[in-house]
Amino acid sequence: MNEHFLNGREVTVAVGGEVLGGVLYAETDSRTEAVKVEEYLNPDPVARLPRTVYTIKLRLNRQPYADIGFSPENVELRYRGITERYSGCSVTKIKCEVLPRSVVEYAVTIEADERSWQNA
């Protein structure tokens with residue numbers, strides 16, 4: 001379920017409290033998955049617990065490695081007077097693409113355990 005697609009001009013992205021520059025766009029999504037609880041020597045799961053995973057996909061025109069790291073404490077998206085705060089984050093994918101005319105873009109996927117909203 002695609003929740004938001006925000007152009008880089010309409011969103012400010014902060015990672016660990018520091019504003020991240022070079023954002024072309026940000027996309028957010030969420031999905032529910034089942035976590036299996038297993039017992040020792042039992043091949044069948046004894047329970048399945050639902051878990052919501054929040055995904056933030058960033059497209060950048062600058063290198064993200066030093067600014068984001070591999071497990072940022074939190075990620076904030078600020079747009080239209082709303083602050084969306086994600087915590088329990090981990091970077092699951094970083095992809096570098098060389099486009100025509102030697103333009104380099106970076107795609108970063110971050111997953112978070114919790115999300116909260118706040119109106120400005």
# chains A, B, ... in the order shown; residues from 1 in each chain; ligands from 1
call {"tool": "closest_atom_pairs", "arguments": {"of": "stretch 16-65 of chain A", "to": "stretch 76-97 of chain A", "cutoff": "12 Å", "atoms": "only C-alpha atoms", "output": "CSV"}}
result
residue,atom,partner,partner_atom,distance
A:Gly16,CA,A:Glu76,CA,8.2
A:Gly17,CA,A:Glu76,CA,7.9
A:Glu18,CA,A:Glu76,CA,9.5
A:Val19,CA,A:Glu76,CA,9.0
A:Leu20,CA,A:Glu76,CA,10.0
A:Val23,CA,A:Leu77,CA,11.2
A:Tyr25,CA,A:Leu77,CA,11.0
A:Ala26,CA,A:Leu77,CA,8.4
A:Glu27,CA,A:Leu77,CA,10.0
A:Thr28,CA,A:Leu77,CA,9.7
A:Asp29,CA,A:Tyr86,CA,11.8
A:Ser30,CA,A:Tyr86,CA,11.7
A:Val53,CA,A:Cys89,CA,10.0
A:Tyr54,CA,A:Tyr86,CA,8.0
A:Thr55,CA,A:Cys89,CA,9.2
A:Ile56,CA,A:Tyr86,CA,8.9
A:Lys57,CA,A:Lys93,CA,9.4
A:Leu58,CA,A:Ile94,CA,9.6
A:Arg59,CA,A:Lys95,CA,9.6
A:Leu60,CA,A:Cys96,CA,9.5
A:Asn61,CA,A:Cys96,CA,9.8
A:Arg62,CA,A:Cys96,CA,9.9
A:Gln63,CA,A:Cys96,CA,8.7
A:Pro64,CA,A:Ile94,CA,8.6
A:Tyr65,CA,A:Ile94,CA,8.7
call {"tool": "write_last_selection", "arguments": {"atoms": "C-alpha atoms", "output": "mmCIF file, in the first residue's frame"}}
result
data_model
loop_
_atom_site.group_PDB
_atom_site.id
_atom_site.type_symbol
_atom_site.label_atom_id
_atom_site.label_comp_id
_atom_site.auth_asym_id
_atom_site.auth_seq_id
_atom_site.Cartn_x
_atom_site.Cartn_y
_atom_site.Cartn_z
ATOM 1 C CA GLY A 16 19.239 11.529 13.413
ATOM 2 C CA GLY A 17 18.237 15.198 13.713
ATOM 3 C CA GLU A 18 20.445 16.358 10.805
ATOM 4 C CA VAL A 19 18.842 17.561 7.565
ATOM 5 C CA LEU A 20 19.726 15.346 4.608
ATOM 6 C CA VAL A 23 16.746 14.460 -1.834
ATOM 7 C CA TYR A 25 11.986 12.274 -3.773
ATOM 8 C CA ALA A 26 10.796 10.292 -0.773
ATOM 9 C CA GLU A 27 8.268 7.478 -0.830
ATOM 10 C CA THR A 28 6.697 5.775 2.187
ATOM 11 C CA ASP A 29 4.897 2.480 2.472
ATOM 12 C CA SER A 30 3.766 0.031 5.146
ATOM 13 C CA VAL A 53 6.963 -2.648 8.923
ATOM 14 C CA TYR A 54 7.255 0.928 7.644
ATOM 15 C CA THR A 55 9.417 1.537 4.569
ATOM 16 C CA ILE A 56 11.002 4.822 3.493
ATOM 17 C CA LYS A 57 12.528 4.951 0.009
ATOM 18 C CA LEU A 58 14.761 7.910 -0.722
ATOM 19 C CA ARG A 59 16.206 8.936 -4.076
ATOM 20 C CA LEU A 60 19.278 11.157 -3.687
ATOM 21 C CA ASN A 61 21.652 12.966 -5.995
ATOM 22 C CA ARG A 62 24.529 12.765 -3.496
ATOM 23 C CA GLN A 63 26.299 9.992 -1.643
ATOM 24 C CA PRO A 64 24.274 8.949 1.446
ATOM 25 C CA TYR A 65 26.767 6.742 3.313
#
call {"tool": "select_by_dssp", "arguments": {"residues": "chain A", "states": "alpha helix (DSSP H)", "output": "ChimeraX atom specification"}}
result
/A:65-68
call {"tool": "residues_around", "arguments": {"residues": "A:Glu38", "least_positions_apart": "4", "cutoff": "12 Å", "atoms": "only C-alpha atoms", "output": "ChimeraX atom specification"}}
result
/A:42-49
call {"tool": "select_by_dssp", "arguments": {"residues": "chain A", "states": "strand (DSSP E or B)", "output": "JSON, numbers by chain"}}
result
{"A": [2, 3, 4, 5, 6, 7, 12, 13, 14, 15, 18, 19, 20, 23, 24, 25, 26, 27, 28, 29, 30, 31, 32, 33, 34, 35, 36, 37, 47, 48, 49, 50, 51, 52, 53, 54, 55, 56, 57, 58, 59, 60, 74, 75, 76, 77, 78, 79, 82, 83, 84, 85, 86, 87, 90, 91, 92, 93, 94, 95, 96, 97, 98, 99, 103, 104, 105, 106, 107, 108, 109, 110, 111, 112, 114, 115, 116, 117, 118, 119]}
call {"tool": "atom_distance", "arguments": {"atom1": "atom CA of A:Glu3", "atom2": "atom CA of A:Thr109"}}
result
15.1 Å
call {"tool": "atom_distance", "arguments": {"atom1": "atom CA of A:Glu105", "atom2": "atom CA of A:Gly22"}}
result
9.6 Å
call {"tool": "closest_residue", "arguments": {"among": "A:Ile110, A:Val98, A:Ala34, A:Val103", "to": "A:Phe70", "atoms": "only C-alpha atoms"}}
result
A:Ile110
call {"tool": "closest_residue", "arguments": {"among": "A:Glu73, A:Asp67, A:Asp113, A:Glu33", "to": "A:Pro50", "atoms": "only C-alpha atoms"}}
result
A:Glu33
call {"tool": "decode", "arguments": {"residues": "chain A", "atoms": "C-alpha atoms", "output": "PDB file, in the first residue's frame"}}
result
ATOM      1  CA  MET A   1       0.000   0.000   0.000  1.00  0.00           C
ATOM      2  CA  ASN A   2       1.702   3.196  -1.198  1.00  0.00           C
ATOM      3  CA  GLU A   3       1.056   5.915   1.354  1.00  0.00           C
ATOM      4  CA  HIS A   4       3.043   8.951   0.193  1.00  0.00           C
ATOM      5  CA  PHE A   5       5.132  10.064  -2.725  1.00  0.00           C
ATOM      6  CA  LEU A   6       6.814  13.396  -2.014  1.00  0.00           C
ATOM      7  CA  ASN A   7       8.868  15.430  -4.453  1.00  0.00           C
ATOM      8  CA  GLY A   8      12.221  16.610  -3.073  1.00  0.00           C
ATOM      9  CA  ARG A   9      11.094  20.264  -3.192  1.00  0.00           C
ATOM     10  CA  GLU A  10       8.110  19.621  -0.914  1.00  0.00           C
ATOM     11  CA  VAL A  11       9.786  17.470   1.754  1.00  0.00           C
ATOM     12  CA  THR A  12      12.643  17.932   4.217  1.00  0.00           C
ATOM     13  CA  VAL A  13      14.282  14.699   5.347  1.00  0.00           C
ATOM     14  CA  ALA A  14      16.175  14.602   8.652  1.00  0.00           C
ATOM     15  CA  VAL A  15      18.223  11.607   9.752  1.00  0.00           C
ATOM     16  CA  GLY A  16      19.239  11.529  13.413  1.00  0.00           C
ATOM     17  CA  GLY A  17      18.237  15.198  13.713  1.00  0.00           C
ATOM     18  CA  GLU A  18      20.445  16.358  10.805  1.00  0.00           C
ATOM     19  CA  VAL A  19      18.842  17.561   7.565  1.00  0.00           C
ATOM     20  CA  LEU A  20      19.726  15.346   4.608  1.00  0.00           C
ATOM     21  CA  GLY A  21      20.531  17.219   1.412  1.00  0.00           C
ATOM     22  CA  GLY A  22      20.154  16.146  -2.203  1.00  0.00           C
ATOM     23  CA  VAL A  23      16.746  14.460  -1.834  1.00  0.00           C
ATOM     24  CA  LEU A  24      15.024  14.055  -5.203  1.00  0.00           C
ATOM     25  CA  TYR A  25      11.986  12.274  -3.773  1.00  0.00           C
ATOM     26  CA  ALA A  26      10.796  10.292  -0.773  1.00  0.00           C
ATOM     27  CA  GLU A  27       8.268   7.478  -0.830  1.00  0.00           C
ATOM     28  CA  THR A  28       6.697   5.775   2.187  1.00  0.00           C
ATOM     29  CA  ASP A  29       4.897   2.480   2.472  1.00  0.00           C
ATOM     30  CA  SER A  30       3.766   0.031   5.146  1.00  0.00           C
ATOM     31  CA  ARG A  31       3.015  -3.656   5.216  1.00  0.00           C
ATOM     32  CA  THR A  32       1.967  -6.180   7.810  1.00  0.00           C
ATOM     33  CA  GLU A  33       3.857  -9.433   8.084  1.00  0.00           C
ATOM     34  CA  ALA A  34       3.606 -12.398  10.400  1.00  0.00           C
ATOM     35  CA  VAL A  35       6.379 -13.245  12.830  1.00  0.00           C
ATOM     36  CA  LYS A  36       6.465 -16.970  13.572  1.00  0.00           C
ATOM     37  CA  VAL A  37       6.995 -18.108  17.149  1.00  0.00           C
ATOM     38  CA  GLU A  38       8.653 -21.516  17.137  1.00  0.00           C
ATOM     39  CA  GLU A  39       9.283 -24.120  19.781  1.00  0.00           C
ATOM     40  CA  TYR A  40      12.386 -26.229  20.173  1.00  0.00           C
ATOM     41  CA  LEU A  41      12.044 -29.590  18.311  1.00  0.00           C
ATOM     42  CA  ASN A  42       8.623 -28.656  16.961  1.00  0.00           C
ATOM     43  CA  PRO A  43       8.548 -28.174  13.159  1.00  0.00           C
ATOM     44  CA  ASP A  44       5.290 -26.186  13.232  1.00  0.00           C
ATOM     45  CA  PRO A  45       5.056 -22.605  14.521  1.00  0.00           C
ATOM     46  CA  VAL A  46       3.156 -22.368  17.806  1.00  0.00           C
ATOM     47  CA  ALA A  47       1.941 -18.820  17.089  1.00  0.00           C
ATOM     48  CA  ARG A  48       2.028 -16.064  14.480  1.00  0.00           C
ATOM     49  CA  LEU A  49       2.224 -12.473  15.647  1.00  0.00           C
ATOM     50  CA  PRO A  50       1.405  -9.580  13.300  1.00  0.00           C
ATOM     51  CA  ARG A  51       4.085  -6.927  12.823  1.00  0.00           C
ATOM     52  CA  THR A  52       3.846  -3.705  10.818  1.00  0.00           C
ATOM     53  CA  VAL A  53       6.963  -2.648   8.923  1.00  0.00           C
ATOM     54  CA  TYR A  54       7.255   0.928   7.644  1.00  0.00           C
ATOM     55  CA  THR A  55       9.417   1.537   4.569  1.00  0.00           C
ATOM     56  CA  ILE A  56      11.002   4.822   3.493  1.00  0.00           C
ATOM     57  CA  LYS A  57      12.528   4.951   0.009  1.00  0.00           C
ATOM     58  CA  LEU A  58      14.761   7.910  -0.722  1.00  0.00           C
ATOM     59  CA  ARG A  59      16.206   8.936  -4.076  1.00  0.00           C
ATOM     60  CA  LEU A  60      19.278  11.157  -3.687  1.00  0.00           C
ATOM     61  CA  ASN A  61      21.652  12.966  -5.995  1.00  0.00           C
ATOM     62  CA  ARG A  62      24.529  12.765  -3.496  1.00  0.00           C
ATOM     63  CA  GLN A  63      26.299   9.992  -1.643  1.00  0.00           C
ATOM     64  CA  PRO A  64      24.274   8.949   1.446  1.00  0.00           C
ATOM     65  CA  TYR A  65      26.767   6.742   3.313  1.00  0.00           C
ATOM     66  CA  ALA A  66      28.193   9.232   5.818  1.00  0.00           C
ATOM     67  CA  ASP A  67      24.883  11.012   6.491  1.00  0.00           C
ATOM     68  CA  ILE A  68      22.625   7.980   6.970  1.00  0.00           C
ATOM     69  CA  GLY A  69      24.857   5.133   8.162  1.00  0.00           C
ATOM     70  CA  PHE A  70      23.434   1.621   8.454  1.00  0.00           C
ATOM     71  CA  SER A  71      21.116   1.980  11.457  1.00  0.00           C
ATOM     72  CA  PRO A  72      19.968   5.580  11.890  1.00  0.00           C
ATOM     73  CA  GLU A  73      18.335   6.322  15.228  1.00  0.00           C
ATOM     74  CA  ASN A  74      15.349   7.986  13.570  1.00  0.00           C
ATOM     75  CA  VAL A  75      14.176   9.466  10.275  1.00  0.00           C
ATOM     76  CA  GLU A  76      11.844  12.451   9.961  1.00  0.00           C
ATOM     77  CA  LEU A  77       9.891  13.624   6.934  1.00  0.00           C
ATOM     78  CA  ARG A  78       8.623  17.212   7.182  1.00  0.00           C
ATOM     79  CA  TYR A  79       6.061  18.367   4.627  1.00  0.00           C
ATOM     80  CA  ARG A  80       2.975  20.615   4.471  1.00  0.00           C
ATOM     81  CA  GLY A  81       3.106  21.347   8.218  1.00  0.00           C
ATOM     82  CA  ILE A  82       3.329  17.660   9.173  1.00  0.00           C
ATOM     83  CA  THR A  83       6.263  15.849  10.771  1.00  0.00           C
ATOM     84  CA  GLU A  84       6.327  12.087  10.223  1.00  0.00           C
ATOM     85  CA  ARG A  85       8.793  10.460  12.639  1.00  0.00           C
ATOM     86  CA  TYR A  86      10.116   6.923  12.135  1.00  0.00           C
ATOM     87  CA  SER A  87      12.131   5.087  14.820  1.00  0.00           C
ATOM     88  CA  GLY A  88      13.799   1.699  15.139  1.00  0.00           C
ATOM     89  CA  CYS A  89      15.295   2.197  11.679  1.00  0.00           C
ATOM     90  CA  SER A  90      17.724   0.123   9.648  1.00  0.00           C
ATOM     91  CA  VAL A  91      19.010   0.570   6.122  1.00  0.00           C
ATOM     92  CA  THR A  92      18.064  -2.504   4.102  1.00  0.00           C
ATOM     93  CA  LYS A  93      19.329  -1.451   0.668  1.00  0.00           C
ATOM     94  CA  ILE A  94      21.551   1.175  -0.967  1.00  0.00           C
ATOM     95  CA  LYS A  95      21.789   1.196  -4.736  1.00  0.00           C
ATOM     96  CA  CYS A  96      23.921   3.467  -6.900  1.00  0.00           C
ATOM     97  CA  GLU A  97      22.820   4.127 -10.480  1.00  0.00           C
ATOM     98  CA  VAL A  98      24.812   5.840 -13.221  1.00  0.00           C
ATOM     99  CA  LEU A  99      22.339   7.438 -15.587  1.00  0.00           C
ATOM    100  CA  PRO A 100      22.959   8.900 -19.061  1.00  0.00           C
ATOM    101  CA  ARG A 101      25.240  11.945 -19.194  1.00  0.00           C
ATOM    102  CA  SER A 102      27.142  10.585 -16.153  1.00  0.00           C
ATOM    103  CA  VAL A 103      24.445  11.572 -13.666  1.00  0.00           C
ATOM    104  CA  VAL A 104      24.741   9.481 -10.477  1.00  0.00           C
ATOM    105  CA  GLU A 105      21.716   8.817  -8.258  1.00  0.00           C
ATOM    106  CA  TYR A 106      21.413   6.778  -5.073  1.00  0.00           C
ATOM    107  CA  ALA A 107      18.352   4.778  -3.990  1.00  0.00           C
ATOM    108  CA  VAL A 108      18.177   4.110  -0.245  1.00  0.00           C
ATOM    109  CA  THR A 109      15.584   1.853   1.419  1.00  0.00           C
ATOM    110  CA  ILE A 110      15.068   2.203   5.169  1.00  0.00           C
ATOM    111  CA  GLU A 111      12.763   0.045   7.282  1.00  0.00           C
ATOM    112  CA  ALA A 112      11.348   1.225  10.620  1.00  0.00           C
ATOM    113  CA  ASP A 113       9.488  -0.442  13.475  1.00  0.00           C
ATOM    114  CA  GLU A 114       7.458   2.583  14.605  1.00  0.00           C
ATOM    115  CA  ARG A 115       5.862   5.673  13.052  1.00  0.00           C
ATOM    116  CA  SER A 116       4.246   8.742  14.587  1.00  0.00           C
ATOM    117  CA  TRP A 117       2.771  11.968  13.187  1.00  0.00           C
ATOM    118  CA  GLN A 118       2.735  15.475  14.504  1.00  0.00           C
ATOM    119  CA  ASN A 119       1.077  18.580  13.055  1.00  0.00           C
ATOM    120  CA  ALA A 120       3.114  21.772  13.191  1.00  0.00           C
TER     121      ALA A 120
END
